[in-house]
There are 2 protein chains.
Amino acid sequence: MSYQRQAQPKPGQISSPCAACPVRPLSICGVLSLDELQHLEKIVRPVSLANSQCLFQEGDPADHRFNVTEGCLRIYKLLPDGRRQIIGFLFPGDFLGLSITDSYAYSAEAINSATLCRFPRNQLQDLIERFPQLEKRLLGMASDELAIAQEQMLLLGRKSAKEKLASMLLMLSRRAARRIQIDNPIDLPMTRNDIADYLGLTTETVSRVFTQFKTNGMISLEPDHKVRLRDMETLQELAEGF
Amino acid sequence: MSYQRQAQPKPGQISSPCAACPVRPLSICGVLSLDELQHLEKIVRPVSLANSQCLFQEGDPADHRFNVTEGCLRIYKLLPDGRRQIIGFLFPGDFLGLSITDSYAYSAEAINSATLCRFPRNQLQDLIERFPQLEKRLLGMASDELAIAQEQMLLLGRKSAKEKLASMLLMLSRRAARRIQIDNPIDLPMTRNDIADYLGLTTETVSRVFTQFKTNGMISLEPDHKVRLRDMETLQELAEGF
DNA sequence: CGCTCAGTTGATCATTATCAACTTGGGTGG
DNA sequence: CCACCCAAGTTGATAATGATCAACTGAGCG
């Protein structure tokens with residue numbers, strides 16, 4: 001693909017950015033030494049996305065892998081009549097492209113404005129051959145993703161609407177903590193519709209459950225898409241299915 | 001764990017079984033040469049399970065990895081009140097233990113009588129360090145599993161009961177073909193209850209949908225837990241959500 | 001200042017769950 | 001070898017969760 005070889009952005013803009021990257025320890029890059037990182041830097045290109053901008057669509061040739069550095073993305077699959085299932089939300093440090101087929105098996109869109117590191121698939125593969133710890137790390141990440149996906153199947157197949165929302169709020173809080181961000185109040189950059197399509201519900205149901213949680217004093221909505229978790233114990237019990 | 005060091009079974013029973021193993025090409029072992037296979041044989045022990053016998057439970061220390069050689073298993077997660085979600089069915093060639101945590105994140109049980117190869121986790125890990133192609137293969141398998149899990153999330157979150165069952169029947173047919181087994185009629189070793197817990201439905205609903213499919217001429221039930229798919233086109237359309 | 005889109009709330013509907021009765025079939029003991 | 005037994009499966013009646021349809025509110029933005 002010709003666009004892999006575009007000119008680098010202005011030098012000052014990306015001079016050794018990896019070394020200072022705050023999400024490096026969370027991501028695949030965390031297993032490389034500063035020396036080794038330079039090889040990664042040679043093949044990486046930054047990508048910026050605006051609100052709702054599409055990164056790729058299901059079926060596109062999977063020429064790149066990505067690393068989220070800022071913002072939040074949704075990845076989803078569609079049925080022909082428009083029904084949508086959101087497979088996951090991606091935050092800084094998350095890697096995009098573990099499923100290694102020739103075409104993407106899902107679509108990816110920015111939720112708010114986001115930035116990513118983009119790696120040409122072939123060149124990243126070469127680096128993986130050269131630095132086997134990258135492969136090990138990818139396997140670890142794939143394994144984690146798998147466990148998360150299995151938990152989500154339990155949620156989608158067997159939890160009630162209330163249990164689903166409680167599970168999601170706690171998941172977001174835990175993931176924020178893992179990124180060393182504020183885990184309460186949590187940030188909810190996605191819309192009610194996104195939440196619904198992630199939990200296998202409708203916008204209306206999600207809205208109603210939010211209202212219930214508010215009136216029960218379990219959460220409160222704060223400005224700027226923030227949700228404060230006020231009764232962790234009840235939320236946890238709901239999420240775990242008691 | 002002490003039981004990793006039990007005496008080997010009688011020599012005649014497992015003398016170089018891997019070389020002749022019919023599922024080897026499907027599984028992790030397929031990437032090793034005959035020479036390299038001998039190292040794997042040294043650490044493997046056969047396991048036999050009877051109907052409904054449990055291999056391990058969610059939360060047990062994850063001391064082993066497994067490779068299914070015969071039969072069919074179900075892996076599932078439970079909620080405290082007994083609600084069950086079946087995460088997947090395992091057939092010959094499937095690998096069990098990709099999620100590498102210290103304890104199993106789900107339970108595994110035989111559906112009919114089954115046999116597996118059991119690898120002590122540490123020793124398998126040593127072999128992976130020694131033969132990096134094993135790691136590559138594991139990553140490939142994890143990546144496939146992830147894609148399957150994502151497809152299942154779409155099913156659980158957004159498909160109707162009919163669409164769910166059609167999807168499952170076709171999946172079983174495709175997987176049988178991949179194992180070079182008869183893909184029509186398909187074998188359904190699991191109960192209606194298993195199917196329900198896999199699709200996020202109840203036994204009754206599964207049964208009703210089966211009846212509908214039969215009366216529409218889309219399938220017919222044959223002796224010995226076999227289902228003949230008679231109208232692939234309609235099944236496929238249903239499964240894909242048209 | 002109004003326009004648009006996200007979110008909320010209400011009324012009604014539909015799919016699937018639940019509860020219950022009945023049938024079938026495979027396996028076992030007489 | 002047959003008859004019985006129990007688990008699995010089917011079918012029916014009713015209920016409930018969440019979907020759908022519709023109206024309204026409010027926040028952000030040109």
# chains A, B, ... in the order shown; residues from 1 in each chain; ligands from 1
call {"tool": "select_by_dssp", "arguments": {"residues": "region 184-237 of chain B", "states": "strand (DSSP E)", "output": "VMD selection string"}}
result
chain B and resid 186 to 187 219 to 222 226 to 229
call {"tool": "interface_residues", "arguments": {"of": "chain C", "to": "chain A", "cutoff": "10 Å", "atoms": "only C-alpha atoms (C1' of nucleotides)", "output": "list in words"}}
result
DA6, DG7, DT8 and DT9 of chain C
call {"tool": "write_last_selection", "arguments": {"atoms": "N, CA and C atoms (P, O5', C5', C4', C3', O3' and C1' of nucleotides)", "output": "PDB file, in the first residue's frame"}}
result
ATOM      1  P    DA C   6     -27.147  12.452  18.581  1.00  0.00           P
ATOM      2  O5'  DA C   6     -27.034  12.285  20.154  1.00  0.00           O
ATOM      3  C5'  DA C   6     -26.208  13.156  20.897  1.00  0.00           C
ATOM      4  C4'  DA C   6     -26.776  13.326  22.282  1.00  0.00           C
ATOM      5  C3'  DA C   6     -27.122  12.004  22.964  1.00  0.00           C
ATOM      6  O3'  DA C   6     -26.504  11.991  24.248  1.00  0.00           O
ATOM      7  C1'  DA C   6     -28.994  13.459  23.009  1.00  0.00           C
ATOM      8  P    DG C   7     -26.614  10.739  25.196  1.00  0.00           P
ATOM      9  O5'  DG C   7     -27.919  11.063  26.046  1.00  0.00           O
ATOM     10  C5'  DG C   7     -27.930  12.210  26.881  1.00  0.00           C
ATOM     11  C4'  DG C   7     -29.303  12.375  27.448  1.00  0.00           C
ATOM     12  C3'  DG C   7     -29.866  11.134  28.160  1.00  0.00           C
ATOM     13  O3'  DG C   7     -30.086  11.478  29.515  1.00  0.00           O
ATOM     14  C1'  DG C   7     -31.480  12.128  26.753  1.00  0.00           C
ATOM     15  P    DT C   8     -30.549  10.431  30.570  1.00  0.00           P
ATOM     16  O5'  DT C   8     -32.122  10.713  30.664  1.00  0.00           O
ATOM     17  C5'  DT C   8     -32.564  12.024  30.969  1.00  0.00           C
ATOM     18  C4'  DT C   8     -34.066  12.091  30.885  1.00  0.00           C
ATOM     19  C3'  DT C   8     -34.814  10.991  31.651  1.00  0.00           C
ATOM     20  O3'  DT C   8     -35.624  11.639  32.616  1.00  0.00           O
ATOM     21  C1'  DT C   8     -35.719  11.289  29.474  1.00  0.00           C
ATOM     22  P    DT C   9     -36.307  10.855  33.789  1.00  0.00           P
ATOM     23  O5'  DT C   9     -37.753  10.555  33.206  1.00  0.00           O
ATOM     24  C5'  DT C   9     -38.577  11.657  32.817  1.00  0.00           C
ATOM     25  C4'  DT C   9     -39.793  11.154  32.073  1.00  0.00           C
ATOM     26  C3'  DT C   9     -40.506   9.950  32.705  1.00  0.00           C
ATOM     27  O3'  DT C   9     -41.810  10.370  33.077  1.00  0.00           O
ATOM     28  C1'  DT C   9     -40.304   9.711  30.352  1.00  0.00           C
TER      29       DT C   9
END
call {"tool": "closest_residue", "arguments": {"among": "A:Asp224, A:Gln236, A:Leu155, A:Tyr76", "to": "DA27 (chain D)", "atoms": "only C-alpha atoms (C1' of nucleotides)"}}
result
A:Asp224
call {"tool": "interface_residues", "arguments": {"of": "chain D", "to": "chain B", "cutoff": "12 Å", "atoms": "only C-alpha atoms (C1' of nucleotides)", "output": "ChimeraX atom specification"}}
result
/D:7-12
call {"tool": "write_last_selection", "arguments": {"atoms": "C-alpha atoms (C1' of nucleotides)", "output": "short mmCIF file (atom, residue, chain, number, x, y, z; two decimals), in the first residue's frame"}}
result
data_model
loop_
_atom_site.label_atom_id
_atom_site.label_comp_id
_atom_site.auth_asym_id
_atom_site.auth_seq_id
_atom_site.Cartn_x
_atom_site.Cartn_y
_atom_site.Cartn_z
"C1'" DA D 7 -33.91 -37.55 32.29
"C1'" DA D 8 -34.46 -34.94 28.24
"C1'" DG D 9 -37.45 -32.87 25.26
"C1'" DT D 10 -41.91 -30.87 23.79
"C1'" DT D 11 -46.01 -28.20 24.12
"C1'" DG D 12 -49.31 -25.02 26.23
#
call {"tool": "closest_residue", "arguments": {"among": "B:Glu58, B:Glu151, B:Glu41, B:Asp35", "to": "chain A", "atoms": "only C-alpha atoms"}}
result
B:Glu151
call {"tool": "closest_residue", "arguments": {"among": "A:Thr101, A:Gln123, A:Ser113, A:Ser220", "to": "chain B", "atoms": "only C-alpha atoms"}}
result
A:Thr101
call {"tool": "closest_residue", "arguments": {"among": "B:Asp187, B:Asp60, B:Glu145, B:Glu163", "to": "chain A", "atoms": "only C-alpha atoms"}}
result
B:Glu145
call {"tool": "residues_around", "arguments": {"residues": "region 12-28 of chain C", "least_positions_apart": "4", "cutoff": "10 Å", "atoms": "only C-alpha atoms (C1' of nucleotides)", "output": "ChimeraX atom specification"}}
result
/B:160-161,201-202,204-205 /D:4-21
call {"tool": "atom_distance", "arguments": {"atom1": "CA of Leu49 (chain A)", "atom2": "CA of Leu134 (chain A)"}}
result
26.5 Å
call {"tool": "closest_residue", "arguments": {"among": "A:Lys164, A:Arg65, A:Arg118, A:Lys77", "to": "Arg45 (chain A)", "atoms": "only C-alpha atoms"}}
result
A:Arg118
call {"tool": "interface_residues", "arguments": {"of": "chain B", "to": "chain A", "cutoff": "6 Å", "atoms": "only C-alpha atoms", "output": "PDB file with N, CA and C atoms, in the first residue's frame"}}
result
ATOM      1  N   LEU B  79     -23.191 -17.557  37.466  1.00  0.00           N
ATOM      2  CA  LEU B  79     -23.500 -16.489  38.413  1.00  0.00           C
ATOM      3  C   LEU B  79     -23.900 -17.151  39.726  1.00  0.00           C
ATOM      4  N   GLN B  85     -23.655 -19.355  31.728  1.00  0.00           N
ATOM      5  CA  GLN B  85     -23.389 -18.998  30.344  1.00  0.00           C
ATOM      6  C   GLN B  85     -22.316 -19.921  29.809  1.00  0.00           C
ATOM      7  N   SER B  99      -6.226 -18.451  28.028  1.00  0.00           N
ATOM      8  CA  SER B  99      -6.248 -17.357  29.002  1.00  0.00           C
ATOM      9  C   SER B  99      -5.279 -17.719  30.117  1.00  0.00           C
ATOM     10  N   LEU B 139      -0.473 -17.575  19.667  1.00  0.00           N
ATOM     11  CA  LEU B 139      -1.002 -16.245  19.355  1.00  0.00           C
ATOM     12  C   LEU B 139      -2.032 -16.330  18.245  1.00  0.00           C
ATOM     13  N   SER B 143      -5.894 -15.359  18.711  1.00  0.00           N
ATOM     14  CA  SER B 143      -6.473 -14.377  17.814  1.00  0.00           C
ATOM     15  C   SER B 143      -7.752 -14.911  17.160  1.00  0.00           C
ATOM     16  N   LEU B 146     -10.505 -14.985  19.695  1.00  0.00           N
ATOM     17  CA  LEU B 146     -11.004 -13.637  19.956  1.00  0.00           C
ATOM     18  C   LEU B 146     -12.047 -13.251  18.910  1.00  0.00           C
ATOM     19  N   MET B 153     -20.534 -12.324  20.707  1.00  0.00           N
ATOM     20  CA  MET B 153     -21.125 -11.151  21.372  1.00  0.00           C
ATOM     21  C   MET B 153     -22.213 -10.541  20.499  1.00  0.00           C
ATOM     22  N   LEU B 154     -21.956 -10.475  19.210  1.00  0.00           N
ATOM     23  CA  LEU B 154     -22.985  -9.978  18.287  1.00  0.00           C
ATOM     24  C   LEU B 154     -24.224 -10.854  18.389  1.00  0.00           C
ATOM     25  N   LEU B 156     -25.197 -12.817  20.930  1.00  0.00           N
ATOM     26  CA  LEU B 156     -25.865 -12.728  22.227  1.00  0.00           C
ATOM     27  C   LEU B 156     -26.573 -11.392  22.410  1.00  0.00           C
ATOM     28  N   GLY B 157     -25.945 -10.334  21.900  1.00  0.00           N
ATOM     29  CA  GLY B 157     -26.497  -9.008  22.158  1.00  0.00           C
ATOM     30  C   GLY B 157     -27.583  -8.598  21.194  1.00  0.00           C
ATOM     31  N   GLY B 200     -27.925 -17.895  25.291  1.00  0.00           N
ATOM     32  CA  GLY B 200     -28.615 -16.902  26.115  1.00  0.00           C
ATOM     33  C   GLY B 200     -30.120 -17.034  26.039  1.00  0.00           C
ATOM     34  N   GLY B 241     -28.704 -12.443   9.702  1.00  0.00           N
ATOM     35  CA  GLY B 241     -29.557 -11.357  10.168  1.00  0.00           C
ATOM     36  C   GLY B 241     -30.370 -10.658   9.101  1.00  0.00           C
TER      37      GLY B 241
END
call {"tool": "residues_around", "arguments": {"residues": "region 71-73 of chain B", "least_positions_apart": "2", "cutoff": "9 Å", "atoms": "only C-alpha atoms (C1' of nucleotides)", "output": "MDAnalysis selection string"}}
result
chainID B and resid 52 68:69 75 88:92 108:116 189:190
call {"tool": "write_last_selection", "arguments": {"atoms": "N, CA and C atoms", "output": "short mmCIF file (atom, residue, chain, number, x, y, z; two decimals), in the first residue's frame"}}
result
data_model
loop_
_atom_site.label_atom_id
_atom_site.label_comp_id
_atom_site.auth_asym_id
_atom_site.auth_seq_id
_atom_site.Cartn_x
_atom_site.Cartn_y
_atom_site.Cartn_z
N SER B 52 -20.37 -35.84 31.50
CA SER B 52 -20.62 -34.81 32.51
C SER B 52 -19.53 -34.70 33.57
N VAL B 68 -7.83 -31.15 23.32
CA VAL B 68 -8.88 -32.15 23.18
C VAL B 68 -8.52 -33.11 22.06
N THR B 69 -8.62 -34.42 22.32
CA THR B 69 -8.34 -35.39 21.27
C THR B 69 -9.60 -36.13 20.82
N ILE B 75 -17.38 -25.30 28.14
CA ILE B 75 -16.76 -24.43 29.14
C ILE B 75 -17.76 -23.32 29.45
N GLY B 88 -18.23 -21.70 25.35
CA GLY B 88 -17.84 -22.38 24.13
C GLY B 88 -17.93 -23.89 24.26
N PHE B 89 -17.96 -24.54 23.13
CA PHE B 89 -17.87 -26.00 23.06
C PHE B 89 -16.52 -26.35 22.47
N LEU B 90 -15.90 -27.38 23.01
CA LEU B 90 -14.58 -27.78 22.52
C LEU B 90 -14.66 -29.13 21.84
N PHE B 91 -14.03 -29.23 20.69
CA PHE B 91 -13.99 -30.46 19.91
C PHE B 91 -12.55 -30.88 19.70
N PRO B 92 -12.34 -32.08 19.17
CA PRO B 92 -10.97 -32.55 18.95
C PRO B 92 -10.13 -31.51 18.20
N ALA B 108 -14.83 -26.37 33.09
CA ALA B 108 -14.85 -27.23 31.90
C ALA B 108 -15.35 -28.61 32.28
N GLU B 109 -16.28 -29.14 31.49
CA GLU B 109 -16.90 -30.44 31.73
C GLU B 109 -17.03 -31.20 30.42
N ALA B 110 -16.92 -32.51 30.51
CA ALA B 110 -17.16 -33.34 29.33
C ALA B 110 -18.66 -33.38 29.04
N ILE B 111 -19.04 -33.35 27.78
CA ILE B 111 -20.43 -33.51 27.39
C ILE B 111 -20.72 -34.97 27.17
N ASN B 112 -19.92 -35.62 26.38
CA ASN B 112 -19.95 -37.08 26.30
C ASN B 112 -18.58 -37.55 26.81
N SER B 113 -18.26 -38.81 26.66
CA SER B 113 -16.94 -39.23 27.15
C SER B 113 -15.89 -38.62 26.22
N ALA B 114 -14.84 -38.11 26.86
CA ALA B 114 -13.86 -37.34 26.10
C ALA B 114 -12.45 -37.71 26.54
N THR B 115 -11.49 -37.49 25.67
CA THR B 115 -10.08 -37.66 26.05
C THR B 115 -9.31 -36.40 25.68
N LEU B 116 -8.32 -36.11 26.50
CA LEU B 116 -7.51 -34.92 26.27
C LEU B 116 -6.05 -35.24 26.53
N PRO B 189 -24.08 -33.31 20.26
CA PRO B 189 -23.94 -34.09 21.50
C PRO B 189 -24.47 -33.36 22.73
N MET B 190 -24.65 -32.07 22.64
CA MET B 190 -25.07 -31.31 23.84
C MET B 190 -26.59 -31.31 23.97
#
call {"tool": "residues_around", "arguments": {"residues": "Leu170 (chain A)", "least_positions_apart": "4", "cutoff": "10 Å", "atoms": "only C-alpha atoms (C1' of nucleotides)", "output": "short mmCIF file (atom, residue, chain, number, x, y, z; two decimals) with N, CA and C atoms, in the first residue's frame"}}
result
data_model
loop_
_atom_site.label_atom_id
_atom_site.label_comp_id
_atom_site.auth_asym_id
_atom_site.auth_seq_id
_atom_site.Cartn_x
_atom_site.Cartn_y
_atom_site.Cartn_z
N LEU A 165 -25.72 -2.71 33.41
CA LEU A 165 -25.21 -1.35 33.56
C LEU A 165 -24.25 -1.25 34.74
N ALA A 166 -24.60 -1.89 35.85
CA ALA A 166 -23.71 -1.86 37.01
C ALA A 166 -22.34 -2.45 36.64
N ARG A 174 -12.61 0.48 36.92
CA ARG A 174 -11.40 -0.34 37.05
C ARG A 174 -10.39 -0.04 35.95
N ARG A 175 -10.89 0.14 34.76
CA ARG A 175 -9.96 0.41 33.65
C ARG A 175 -9.33 1.78 33.79
N ALA A 176 -10.09 2.76 34.31
CA ALA A 176 -9.50 4.08 34.54
C ALA A 176 -8.39 3.98 35.57
N ASP A 183 -10.71 7.19 39.08
CA ASP A 183 -11.66 6.11 38.87
C ASP A 183 -13.03 6.39 39.49
N ASN A 184 -13.17 7.55 40.09
CA ASN A 184 -14.48 7.94 40.62
C ASN A 184 -14.46 9.44 40.91
N ILE A 186 -16.33 8.51 37.27
CA ILE A 186 -15.80 8.00 36.01
C ILE A 186 -16.27 8.88 34.86
N LEU A 229 -19.87 7.18 41.33
CA LEU A 229 -20.37 5.93 41.91
C LEU A 229 -20.46 6.13 43.41
N MET A 232 -20.83 1.74 45.99
CA MET A 232 -20.05 0.71 45.33
C MET A 232 -20.52 -0.69 45.70
N LEU A 235 -23.61 -1.61 43.82
CA LEU A 235 -23.25 -1.77 42.41
C LEU A 235 -22.54 -3.09 42.18
N GLN A 236 -21.60 -3.39 43.06
CA GLN A 236 -20.82 -4.62 42.94
C GLN A 236 -21.71 -5.86 43.05
N ALA A 239 -23.65 -6.20 39.91
CA ALA A 239 -22.81 -6.60 38.79
C ALA A 239 -22.47 -8.08 38.85
#
